[in-house]
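One file, my_file24.csv, carrying CSV, C-alpha atoms and all ligand atoms:
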```csv
chain,number,residue,atom,x,y,z
I,8,MET,CA,11.1,-28.1,15.5
I,9,ASP,CA,10.9,-25.0,17.7
I,10,LEU,CA,10.3,-22.1,15.3
I,11,SER,CA,9.2,-21.5,11.7
I,12,VAL,CA,10.1,-18.2,10.2
I,13,VAL,CA,8.0,-17.3,7.2
I,14,ILE,CA,9.4,-14.9,4.7
I,15,PRO,CA,7.5,-13.7,1.6
I,16,THR,CA,9.6,-12.7,-1.3
I,17,TYR,CA,9.0,-10.8,-4.5
I,18,ASN,CA,12.3,-9.8,-6.3
I,19,GLU,CA,14.6,-10.1,-3.3
I,20,LYS,CA,17.6,-11.9,-4.8
I,21,GLU,CA,20.1,-9.4,-3.4
I,22,ASN,CA,18.7,-9.7,0.1
I,23,ILE,CA,17.4,-13.2,0.8
I,24,VAL,CA,20.7,-15.0,0.9
I,25,ILE,CA,22.1,-12.6,3.5
I,26,LEU,CA,18.9,-12.9,5.6
I,27,ILE,CA,19.0,-16.7,5.5
I,28,ASN,CA,22.6,-16.7,6.7
I,29,ASN,CA,21.9,-14.2,9.4
I,30,LEU,CA,19.0,-16.3,10.7
I,31,LYS,CA,20.9,-19.5,10.7
I,32,LYS,CA,23.6,-17.9,12.7
I,33,LYS,CA,21.1,-16.7,15.3
I,34,PHE,CA,19.5,-20.2,15.4
I,35,ASN,CA,22.8,-21.8,16.0
I,36,LYS,CA,24.0,-19.3,18.6
I,37,ASN,CA,20.8,-19.5,20.6
I,38,ARG,CA,20.1,-23.2,20.1
I,39,ILE,CA,16.9,-22.7,18.3
I,40,ASN,CA,15.8,-25.6,16.1
I,41,GLY,CA,14.3,-23.4,13.4
I,42,GLU,CA,13.1,-23.7,9.9
I,43,ILE,CA,12.9,-21.0,7.2
I,44,ILE,CA,10.0,-21.0,4.9
I,45,ILE,CA,10.2,-18.7,1.9
I,46,VAL,CA,7.1,-18.0,-0.2
I,47,ASP,CA,8.1,-16.7,-3.6
I,48,ASP,CA,5.7,-15.4,-6.1
I,49,ASN,CA,7.6,-16.3,-9.2
I,50,SER,CA,9.8,-13.3,-8.9
I,51,PRO,CA,11.0,-12.1,-12.3
I,52,ASP,CA,14.5,-11.5,-10.9
I,53,GLY,CA,15.2,-15.2,-10.4
I,54,THR,CA,14.8,-15.2,-6.6
I,55,GLY,CA,13.0,-18.6,-6.9
I,56,ASP,CA,15.8,-20.4,-8.7
I,57,LEU,CA,18.3,-19.1,-6.2
I,58,LEU,CA,16.1,-20.4,-3.4
I,59,ASP,CA,15.8,-23.8,-5.0
I,60,TYR,CA,19.5,-24.0,-5.1
I,61,ILE,CA,19.8,-23.2,-1.4
I,62,SER,CA,17.0,-25.4,-0.2
I,63,LYS,CA,18.5,-28.4,-2.0
I,64,LYS,CA,21.6,-28.2,0.2
I,65,ASP,CA,19.8,-27.2,3.3
I,66,LYS,CA,16.7,-29.1,4.5
I,67,LYS,CA,15.8,-26.4,7.0
I,68,VAL,CA,15.2,-23.9,4.2
I,69,ARG,CA,11.9,-24.7,2.5
I,70,VAL,CA,10.5,-22.9,-0.5
I,71,ILE,CA,6.9,-22.5,-1.8
I,72,HIS,CA,6.6,-21.3,-5.4
I,73,ARG,CA,3.4,-19.6,-6.3
I,74,THR,CA,2.4,-18.8,-9.9
I,75,GLY,CA,2.5,-15.0,-9.7
I,76,LYS,CA,2.4,-12.0,-7.4
I,77,LEU,CA,-0.6,-13.0,-5.3
I,78,GLY,CA,0.0,-10.7,-2.4
I,79,LEU,CA,1.8,-10.5,1.0
I,80,SER,CA,-0.9,-11.8,3.4
I,81,SER,CA,-1.8,-14.8,1.3
I,82,ALA,CA,1.9,-15.6,1.0
I,83,VAL,CA,2.3,-15.6,4.8
I,84,LEU,CA,-0.8,-17.8,5.2
I,85,ALA,CA,0.6,-20.3,2.7
I,86,GLY,CA,3.8,-20.4,4.7
I,87,PHE,CA,1.9,-21.0,8.0
I,88,LYS,CA,0.1,-23.9,6.4
I,89,ILE,CA,3.2,-26.0,5.8
I,90,SER,CA,5.0,-24.9,9.0
I,91,LYS,CA,6.2,-27.7,11.3
I,92,SER,CA,6.6,-25.9,14.6
I,93,LYS,CA,4.3,-24.5,17.2
I,94,VAL,CA,5.7,-21.0,17.0
I,95,LEU,CA,5.5,-19.0,13.8
I,96,ALA,CA,7.4,-15.8,12.9
I,97,VAL,CA,6.9,-13.5,10.0
I,98,MET,CA,9.5,-11.1,8.6
I,99,ASP,CA,10.3,-9.2,5.5
I,100,ALA,CA,13.1,-10.4,3.2
I,101,ASP,CA,14.6,-7.0,2.5
I,102,LEU,CA,16.7,-6.8,5.8
I,103,SER,CA,14.4,-4.1,7.2
I,104,HIS,CA,13.8,-6.3,10.2
I,105,PRO,CA,16.7,-7.1,12.5
I,106,SER,CA,17.4,-10.8,12.8
I,107,ASP,CA,19.1,-9.9,16.1
I,108,SER,CA,15.6,-9.6,17.7
I,109,ILE,CA,14.6,-13.2,16.9
I,110,ASN,CA,16.1,-14.7,20.0
I,111,LYS,CA,14.5,-12.1,22.4
I,112,MET,CA,11.1,-12.6,20.7
I,113,TYR,CA,11.4,-16.3,20.9
I,114,SER,CA,12.3,-16.4,24.6
I,115,LEU,CA,9.3,-14.2,25.5
I,116,ILE,CA,7.1,-16.9,24.0
I,117,LYS,CA,9.0,-19.8,25.3
I,118,ASP,CA,9.9,-18.6,28.8
I,119,GLU,CA,7.3,-16.1,29.6
I,120,ASP,CA,4.4,-17.7,27.9
I,121,VAL,CA,3.6,-14.6,25.7
I,122,ASP,CA,1.2,-15.5,22.9
I,123,ILE,CA,2.1,-12.8,20.4
I,124,VAL,CA,5.4,-10.7,20.2
I,125,ILE,CA,5.6,-7.8,17.9
I,126,GLY,CA,8.8,-6.2,16.6
I,127,SER,CA,7.7,-2.6,17.2
I,128,ARG,CA,8.9,0.6,15.7
I,129,TYR,CA,6.7,2.8,17.8
I,130,VAL,CA,7.5,1.8,21.4
I,131,LYS,CA,10.4,3.4,23.3
I,132,GLY,CA,13.7,2.3,21.8
I,133,GLY,CA,12.1,1.5,18.4
I,134,ASN,CA,12.7,3.6,15.3
I,135,ILE,CA,12.5,3.8,11.5
I,136,VAL,CA,15.6,4.7,9.6
I,137,GLY,CA,15.6,5.8,5.9
I,138,TRP,CA,12.0,6.5,5.2
I,139,GLY,CA,10.9,9.8,3.6
I,140,ASN,CA,8.1,11.9,5.0
I,141,TYR,CA,5.5,10.5,2.7
I,142,ARG,CA,6.0,7.0,3.9
I,143,LYS,CA,6.2,8.1,7.5
I,144,ILE,CA,2.9,10.0,7.4
I,145,LEU,CA,1.1,7.1,5.6
I,146,SER,CA,2.3,4.8,8.3
I,147,LYS,CA,1.3,7.1,11.1
I,148,GLY,CA,-2.1,7.6,9.6
I,149,ALA,CA,-2.7,3.9,9.2
I,150,THR,CA,-1.6,3.3,12.7
I,151,PHE,CA,-3.8,6.0,14.1
I,152,LEU,CA,-6.9,4.5,12.4
I,153,ALA,CA,-6.0,1.1,13.8
I,154,ARG,CA,-6.4,2.6,17.3
I,155,VAL,CA,-10.1,1.9,17.0
I,156,PHE,CA,-9.2,-1.8,17.4
I,157,THR,CA,-6.2,-2.0,19.5
I,158,ASN,CA,-3.9,-0.1,21.9
I,159,ILE,CA,-0.8,-1.8,20.4
I,160,LYS,CA,1.6,0.9,19.3
I,161,ASP,CA,2.7,-0.8,16.0
I,162,PRO,CA,-0.1,-3.1,14.8
I,163,MET,CA,1.2,-2.5,11.2
I,164,SER,CA,4.5,-4.1,11.8
I,165,GLY,CA,5.5,-6.9,9.4
I,166,PHE,CA,7.7,-8.5,12.0
I,167,PHE,CA,6.0,-10.7,14.6
I,168,MET,CA,5.9,-14.0,16.3
I,169,ILE,CA,2.9,-16.0,17.4
I,170,LYS,CA,1.9,-19.3,18.9
I,171,LYS,CA,0.3,-21.3,16.2
I,172,GLU,CA,-2.6,-22.4,18.5
I,173,CYS,CA,-3.8,-18.7,18.6
I,174,LEU,CA,-4.8,-19.1,14.9
I,175,ASN,CA,-6.9,-22.2,15.4
I,176,GLY,CA,-10.4,-21.7,13.9
I,177,ILE,CA,-9.9,-18.1,12.7
I,178,LYS,CA,-10.2,-16.9,9.2
I,179,ILE,CA,-7.7,-14.4,7.9
I,180,ASN,CA,-8.6,-12.3,4.8
I,181,PRO,CA,-5.8,-13.1,2.3
I,182,LYS,CA,-6.1,-9.8,0.5
I,183,GLY,CA,-3.8,-7.0,1.7
I,184,PHE,CA,-0.5,-6.1,3.4
I,185,LYS,CA,-1.5,-5.8,7.1
I,186,ILE,CA,-1.9,-9.3,8.3
I,187,LEU,CA,-0.7,-8.6,11.9
I,188,LEU,CA,-3.6,-6.1,12.6
I,189,GLU,CA,-6.0,-8.7,11.4
I,190,ILE,CA,-4.5,-11.3,13.7
I,191,ILE,CA,-4.7,-8.9,16.6
I,192,VAL,CA,-8.3,-8.4,15.9
I,193,LYS,CA,-9.3,-12.0,15.4
I,194,ALA,CA,-6.8,-14.4,17.0
I,195,LYS,CA,-7.3,-16.0,20.4
I,196,TYR,CA,-4.6,-14.8,22.8
I,197,SER,CA,-4.2,-13.4,26.3
I,198,LYS,CA,-0.6,-12.1,26.4
I,199,ILE,CA,0.7,-9.8,23.8
I,200,LYS,CA,4.0,-7.8,23.9
I,201,GLU,CA,5.9,-5.4,21.8
I,202,VAL,CA,9.7,-5.3,21.7
I,203,PRO,CA,11.4,-2.3,20.1
I,204,ILE,CA,13.1,-2.7,16.8
I,205,ILE,CA,15.0,-0.4,14.5
I,206,PHE,CA,13.4,-0.7,11.1
I,207,THR,CA,15.9,0.1,8.3
I,208,ASN,CA,14.6,0.9,4.9
I,209,ARG,CA,15.7,-1.6,2.2
I,210,VAL,CA,19.0,-0.9,0.4
I,211,HIS,CA,18.3,-3.3,-2.5
I,212,GLY,CA,15.2,-3.5,-4.6
I,213,LYS,CA,12.0,-1.5,-4.1
I,214,SER,CA,9.0,-1.5,-1.9
I,215,LYS,CA,5.8,-3.2,-3.1
I,216,ALA,CA,3.4,-1.2,-1.1
I,217,GLY,CA,1.2,1.1,-3.2
I,218,ILE,CA,-2.3,2.6,-3.6
I,219,LYS,CA,-3.8,-0.9,-4.0
I,220,GLU,CA,-2.5,-1.8,-0.5
I,221,ILE,CA,-4.0,1.4,1.0
I,222,ILE,CA,-7.4,0.6,-0.5
I,223,TYR,CA,-7.3,-3.0,0.7
I,224,TYR,CA,-6.3,-1.7,4.1
I,225,LEU,CA,-9.3,0.7,4.4
I,226,ARG,CA,-11.7,-1.9,3.2
I,227,ASN,CA,-10.3,-4.5,5.7
I,228,LEU,CA,-10.5,-1.9,8.6
I,229,SER,CA,-14.2,-1.3,8.2
I,230,SER,CA,-14.9,-5.0,8.1
I,231,TYR,CA,-13.0,-5.5,11.4
I,232,ILE,CA,-15.7,-3.5,13.2
I,233,PHE,CA,-17.9,-6.6,12.8
I,234,SER,CA,-15.4,-9.3,13.4
I,235,HIS,CA,-13.5,-7.7,16.4
I,236,ARG,CA,-14.0,-9.7,19.6
I,237,ASN,CA,-15.8,-7.0,21.6
I,238,LEU,CA,-16.0,-4.1,19.2
I,239,SER,CA,-19.0,-5.4,17.3
I,240,GLY,CA,-20.9,-5.5,20.6
I,241,LYS,CA,-20.0,-1.9,21.3
I,242,PHE,CA,-20.9,-0.9,17.8
I,243,ILE,CA,-24.4,-2.4,18.2
I,244,LYS,CA,-24.9,-0.7,21.6
I,245,PHE,CA,-23.7,2.6,20.1
I,246,SER,CA,-26.2,2.2,17.3
I,247,LEU,CA,-29.1,1.5,19.7
I,248,VAL,CA,-28.2,4.6,21.8
I,249,GLY,CA,-28.2,6.6,18.6
I,250,LEU,CA,-31.7,5.3,17.8
I,251,ILE,CA,-32.9,6.4,21.3
I,252,GLY,CA,-31.3,9.7,20.7
I,253,THR,CA,-33.1,10.2,17.5
I,254,PHE,CA,-36.4,9.6,19.2
I,255,ILE,CA,-35.6,12.1,21.9
I,256,ASN,CA,-34.5,14.6,19.3
I,257,LEU,CA,-37.8,14.2,17.4
I,258,ALA,CA,-40.0,14.2,20.6
I,259,VAL,CA,-38.3,17.4,22.0
I,260,LEU,CA,-38.5,19.1,18.6
I,261,TYR,CA,-42.2,18.3,18.3
I,262,SER,CA,-43.3,19.2,21.8
I,263,PHE,CA,-41.4,22.5,22.0
I,264,THR,CA,-42.5,23.6,18.6
I,265,GLU,CA,-46.1,22.4,18.7
I,266,LEU,CA,-47.0,22.4,22.4
I,267,LEU,CA,-44.9,25.3,23.7
I,268,GLY,CA,-44.9,27.4,20.6
I,269,VAL,CA,-41.1,27.8,20.4
I,270,TYR,CA,-39.6,28.7,17.0
I,271,TYR,CA,-38.7,25.4,15.4
I,272,ILE,CA,-35.0,26.3,14.8
I,273,PHE,CA,-34.6,27.0,18.5
I,274,SER,CA,-36.4,23.8,19.3
I,275,ALA,CA,-34.0,22.0,17.0
I,276,ILE,CA,-30.9,23.4,18.6
I,277,LEU,CA,-32.3,22.4,22.1
I,278,SER,CA,-33.3,19.0,20.9
I,279,PHE,CA,-29.8,18.4,19.4
I,280,PHE,CA,-28.2,19.1,22.8
I,281,LEU,CA,-30.7,17.1,24.8
I,282,ALA,CA,-30.3,14.1,22.5
I,283,ALA,CA,-26.5,14.5,22.5
I,284,SER,CA,-26.5,14.6,26.3
I,285,SER,CA,-28.6,11.5,26.6
I,286,ASN,CA,-26.4,9.7,24.0
I,287,PHE,CA,-23.4,10.8,26.0
I,288,ILE,CA,-24.6,9.3,29.3
I,289,LEU,CA,-25.9,6.1,27.8
I,290,ASN,CA,-22.7,5.5,25.8
I,291,LYS,CA,-20.5,6.3,28.7
I,292,VAL,CA,-22.2,3.8,31.0
I,293,LEU,CA,-23.6,1.2,28.7
I,294,THR,CA,-21.4,1.1,25.6
I,295,PHE,CA,-18.0,2.0,27.1
I,296,ASN,CA,-18.7,0.7,30.6
I,297,GLU,CA,-17.4,3.8,32.5
I,298,SER,CA,-18.8,5.2,35.7
I,299,ILE,CA,-21.0,8.3,35.2
I,300,LYS,CA,-18.7,10.6,37.2
I,301,TYR,CA,-15.4,9.6,35.7
I,302,LYS,CA,-14.0,12.7,33.9
I,303,ILE,CA,-17.5,13.6,33.1
I,304,LEU,CA,-17.1,17.2,32.0
I,305,SER,CA,-14.0,16.9,29.8
I,306,LYS,CA,-15.5,13.8,28.2
I,307,TYR,CA,-18.8,15.6,27.6
I,308,TYR,CA,-17.0,18.4,25.7
I,309,LYS,CA,-15.2,15.8,23.6
I,310,PHE,CA,-18.4,14.0,22.9
I,311,LEU,CA,-20.1,17.2,21.8
I,312,ILE,CA,-17.2,18.1,19.6
I,313,VAL,CA,-17.3,14.7,17.9
I,314,SER,CA,-21.1,15.0,17.5
I,315,ILE,CA,-20.7,18.5,15.9
I,316,CYS,CA,-18.0,17.2,13.6
I,317,ALA,CA,-20.2,14.3,12.6
I,318,LEU,CA,-23.0,16.7,11.9
I,319,ILE,CA,-20.8,18.9,9.7
I,320,ILE,CA,-19.6,15.8,7.8
I,321,ASN,CA,-23.2,14.7,7.5
I,322,LEU,CA,-24.1,18.0,5.9
I,323,ALA,CA,-21.0,18.0,3.7
I,324,VAL,CA,-21.7,14.6,2.3
I,325,LEU,CA,-25.4,15.4,1.9
I,326,TYR,CA,-24.5,18.5,0.0
I,327,SER,CA,-21.9,17.0,-2.3
I,328,PHE,CA,-23.9,13.9,-3.2
I,329,THR,CA,-27.0,16.0,-3.9
I,330,GLU,CA,-25.4,19.0,-5.6
I,331,LEU,CA,-22.3,17.6,-7.2
I,332,LEU,CA,-23.3,14.1,-8.1
I,333,GLY,CA,-26.9,14.7,-8.6
I,334,VAL,CA,-28.1,12.0,-6.2
I,335,TYR,CA,-31.7,12.3,-4.9
I,336,TYR,CA,-31.4,14.1,-1.5
I,337,LEU,CA,-33.0,11.5,0.7
I,338,ILE,CA,-30.7,8.9,-0.7
I,339,SER,CA,-27.8,11.2,-0.2
I,340,GLN,CA,-28.9,11.6,3.4
I,341,ILE,CA,-28.9,7.9,4.0
I,342,ILE,CA,-25.3,7.7,2.7
I,343,ALA,CA,-24.4,10.8,4.8
I,344,ILE,CA,-25.8,9.3,8.0
I,345,GLY,CA,-23.9,6.1,7.4
I,346,PHE,CA,-20.6,8.0,6.9
I,347,SER,CA,-21.1,10.4,9.9
I,348,PHE,CA,-22.3,7.6,12.1
I,349,ILE,CA,-19.2,5.5,11.6
I,350,LEU,CA,-16.9,8.5,12.1
I,351,ASN,CA,-18.9,9.4,15.2
I,352,PHE,CA,-18.3,5.9,16.6
I,353,ILE,CA,-14.6,5.9,15.7
I,354,GLY,CA,-14.1,9.4,17.0
I,355,ASN,CA,-15.6,8.6,20.4
I,356,LYS,CA,-13.9,5.3,20.6
I,357,ILE,CA,-10.4,6.6,20.0
I,358,TRP,CA,-10.8,10.0,21.7
I,359,THR,CA,-13.6,10.5,24.1
I,360,PHE,CA,-13.6,7.0,25.7
I,361,SER,CA,-10.0,6.1,25.1
I,362,ASN,CA,-8.9,6.4,28.7
I,401,LIG,N1,5.4,-13.6,-2.0
I,401,LIG,C1,5.1,-12.3,-2.0
I,401,LIG,N2,4.1,-11.8,-2.8
I,401,LIG,N3,5.9,-11.4,-1.3
I,401,LIG,C2,5.6,-10.1,-1.3
I,401,LIG,C3,4.6,-9.5,-2.1
I,401,LIG,C4,3.8,-10.4,-2.8
I,401,LIG,O1,2.8,-10.0,-3.5
I,401,LIG,N4,4.6,-8.2,-1.9
I,401,LIG,C5,5.6,-7.9,-1.0
I,401,LIG,N5,6.2,-9.1,-0.7
I,401,LIG,C6,7.4,-9.3,0.2
I,401,LIG,C7,8.6,-8.5,-0.2
I,401,LIG,O2,9.5,-9.1,-1.0
I,401,LIG,C8,9.2,-8.3,1.2
I,401,LIG,O3,10.0,-9.4,1.6
I,401,LIG,C9,8.0,-8.1,2.1
I,401,LIG,O4,7.0,-8.8,1.5
I,401,LIG,C10,7.6,-6.7,2.4
I,401,LIG,O5,7.5,-6.0,1.2
I,401,LIG,P1,8.1,-4.5,1.0
I,401,LIG,O6,7.7,-4.1,-0.3
I,401,LIG,O7,9.5,-4.5,1.4
I,401,LIG,O8,7.1,-3.8,2.0
I,401,LIG,P2,7.4,-2.4,2.8
I,401,LIG,O9,8.8,-2.3,3.3
I,401,LIG,O10,6.9,-1.3,2.0
I,401,LIG,O11,6.4,-2.6,4.0
I,401,LIG,C11,6.8,-3.2,5.2
I,401,LIG,O12,6.5,-2.4,6.3
I,401,LIG,C12,5.2,-2.2,6.6
I,401,LIG,C13,5.1,-1.4,7.8
I,401,LIG,O13,5.1,0.0,7.5
I,401,LIG,C14,6.2,-4.6,5.5
I,401,LIG,O14,6.8,-5.2,6.6
I,401,LIG,C15,4.7,-4.5,5.8
I,401,LIG,O15,4.2,-5.8,6.2
I,401,LIG,C16,4.5,-3.5,6.9
I,401,LIG,O16,3.2,-3.4,7.2
I,402,MN,MN,10.4,-3.3,2.9
```

Show how you would write the structure in this file as structure tokens.
Ligand code: GDD
Ligand code: MN
Amino acid sequence: MDLSVVIPTYNEKENIVILINNLKKKFNKNRINGEIIIVDDNSPDGTGDLLDYISKKDKKVRVIHRTGKLGLSSAVLAGFKISKSKVLAVMDADLSHPSDSINKMYSLIKDEDVDIVIGSRYVKGGNIVGWGNYRKILSKGATFLARVFTNIKDPMSGFFMIKKECLNGIKINPKGFKILLEIIVKAKYSKIKEVPIIFTNRVHGKSKAGIKEIIYYLRNLSSYIFSHRNLSGKFIKFSLVGLIGTFINLAVLYSFTELLGVYYIFSAILSFFLAASSNFILNKVLTFNESIKYKILSKYYKFLIVSICALIINLAVLYSFTELLGVYYLISQIIAIGFSFILNFIGNKIWTFSN
């Protein structure tokens, strides 16, 4: 077996038959020995019965029935588990993803030894047809946040192909919608490539993405900081630099105020800039491995802007927790530091030190 295409379904009876036929045509035309694995979550519309009927006649169509709507990512993982080939593909059942791209994606893996191929809406030539502004903005926002972890243009795509061996020994969180991003963060691979696709919004049935998926997404994102292959190291260095900065801040504040008799608010402003400058240099060189001179001025401005934004957020969180929620102010400040620190890190990672 060359290729296993995993397709999760929940109420896709109008779409799935068309998709299976399209895929089989592509398999035949391109001489791909492929199997189709459909993971149905007991769809109320009868998708499961329809699939049983099809898979009885066609041994290359296999069906997993689960007891209820257990989520997209875990469905994909269940499909991976029973797959018989070394290359896995994932696509949606609703005809949003073009079956036409399957051959191109497969040849990149087979002939050019690419490890992961992504059907990408956000590279040149790719597009989304039929989405309203709300959906577009959500998608862009989610993609922007993911830039902390990857330079891939469309890490939220639900259409991708991967060598099975890349997944050996890694653990994917089964909760959520965005399994590709998690794979990009955790899997073992060296070559990854995006091919443009035109994503067309479904004609039949409706999308299952909702608020729950957004919350899972945000929760998963923050956990990736610690499981990302080299991001956790950067995060630790960034934290150490921040600690050093705090000492510098306090030392300058103390000596200017107590020893030189400067008014403490002026000492505080001075100590903020001195600590920020030291943080900047240390992060530039140690955390993000850049040479000191490279774009030093423009990056310094960016770093200061991020620092000031983080400070404003710190104050805003401190104020709201203390005044609006009645939390003790020192506790509020601990929460506020946590918030602003993570934003500080993310801001510098995706803006100041992104190139
Ligand atoms: N088995 C199972 N269980 N399948 C599910 C579930 C579930 O809980 N939820 C959704 N699916 C199936 C749908 O039947 C469909 O085949 C596919 O997963 C995608 O679901 P849609 O509801 O069509 O998602 P979407 O179009 O809003 O989102 C797509 O685009 C996103 C990118 O913006 C998906 O491809 C996402 O993976 C992708 O991130
Ligand atoms: Mn869809």

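Each of I:Thr74, I:Asn18, I:Asn290, I:Ser262 was checked against ligand MN 402 (chain I) using all atoms listed in the file; the smallest atom-to-atom distance is that of I:Asn18.
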
Each chain I residue no farther than 10 Å from ligand MN 402 (chain I), nearest pair in Å, all atoms listed in the file, as a tab-separated table:
```
residue	atom	partner	partner_atom	distance
I:Met98	CA	I:MN402	MN	9.7
I:Asp99	CA	I:MN402	MN	6.4
I:Ala100	CA	I:MN402	MN	7.6
I:Asp101	CA	I:MN402	MN	5.6
I:Leu102	CA	I:MN402	MN	7.8
I:Ser103	CA	I:MN402	MN	5.9
I:His104	CA	I:MN402	MN	8.6
I:Gly165	CA	I:MN402	MN	8.9
I:Phe206	CA	I:MN402	MN	9.1
I:Thr207	CA	I:MN402	MN	8.4
I:Asn208	CA	I:MN402	MN	6.3
I:Arg209	CA	I:MN402	MN	5.6
I:Val210	CA	I:MN402	MN	9.3
I:His211	CA	I:MN402	MN	9.6
I:Gly212	CA	I:MN402	MN	8.9
I:Lys213	CA	I:MN402	MN	7.4
I:Ser214	CA	I:MN402	MN	5.3
I:Lys215	CA	I:MN402	MN	7.6
I:Ala216	CA	I:MN402	MN	8.3
```

Handout entry: Contacts with ligand LIG 401 (chain I) at most 6 Å, all atoms listed in the file counted, listed as a ChimeraX atom specification
Key = /I:15-17,19,46-48,76-79,82,99-101,146,163-165,184-185,214-216

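Between CA of Ile232 (chain I) and CA of Gly176 (chain I) there is a distance of 19.0 Å.
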
Completion exercise
Restricting to all atoms listed in the file, whichever of I:Asp107, I:Glu189, I:Glu119, I:Glu201 is closest to Tyr224 (chain I) is I:Glu189

Practice task
Show which residues sit within 6 Å of Lys309 (chain I), as a list in words. Count all atoms listed in the file, and ignore same-chain residues fewer than 3 positions away.
Solution key: Lys306, Ile312 and Thr359 of chain I

Just to be explicit: take each residue in the selection above, keep C-alpha atoms, and write the result as a short mmCIF file (atom, residue, chain, number, x, y, z; two decimals), in the coordinates of the input.
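Result file follows (again-v5.cif):
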```
data_model
loop_
_atom_site.label_atom_id
_atom_site.label_comp_id
_atom_site.auth_asym_id
_atom_site.auth_seq_id
_atom_site.Cartn_x
_atom_site.Cartn_y
_atom_site.Cartn_z
CA LYS I 306 -15.50 13.80 28.20
CA ILE I 312 -17.20 18.10 19.60
CA THR I 359 -13.60 10.50 24.10
#
```

Write out as a JSON list (two decimals) with C-alpha atoms, in the coordinates of the input each polymer residue whose atoms come within 9 Å of Ile179 (chain I), counting all atoms listed in the file; drop sequence neighbours fewer than 5 positions from it.
```json
[["chain", "number", "residue", "atom", "x", "y", "z"],
["I", 80, "SER", "CA", -0.90, -11.80, 3.40],
["I", 81, "SER", "CA", -1.80, -14.80, 1.30],
["I", 84, "LEU", "CA", -0.80, -17.80, 5.20],
["I", 174, "LEU", "CA", -4.80, -19.10, 14.90],
["I", 186, "ILE", "CA", -1.90, -9.30, 8.30],
["I", 189, "GLU", "CA", -6.00, -8.70, 11.40],
["I", 190, "ILE", "CA", -4.50, -11.30, 13.70],
["I", 193, "LYS", "CA", -9.30, -12.00, 15.40]]
```

Completion exercise
As a check of understanding: the span from CA of Lys111 (chain I) to CA of Val24 (chain I) is 22.6 Å

Exercise for the section: Write out as a list in words which residues come within 8 Å of Thr253 (chain I) when counting only C-alpha atoms, dropping same-chain ones fewer than 4 positions away. Expected result: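 After dropping sequence-adjacent residues, the list is Gly249, Leu257 and Ala282 of chain I.
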
Handout entry: Separation of CA of Phe295 (chain I) from CA of Lys241 (chain I) in Å
Key = 7.3 Å

Problem - region 56-67 of chain I environment, 10 Å, only C-alpha atoms, sequence neighbours closer than 6 positions dropped, as a ChimeraX atom specification - result: /I:8,11,20,23-24,27,31,40-47,49-50

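Closest to Gly133 (chain I) among I:Ile191, I:Ile299, I:Ile204, I:Cys173 is I:Ile204, based on only C-alpha atoms.
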
Exercise for the section: Between I:Leu337, I:Ile349, I:Val12, I:Ile205, single out the one closest to Ile135 (chain I), counting all atoms listed in the file. Expected result: I:Ile205
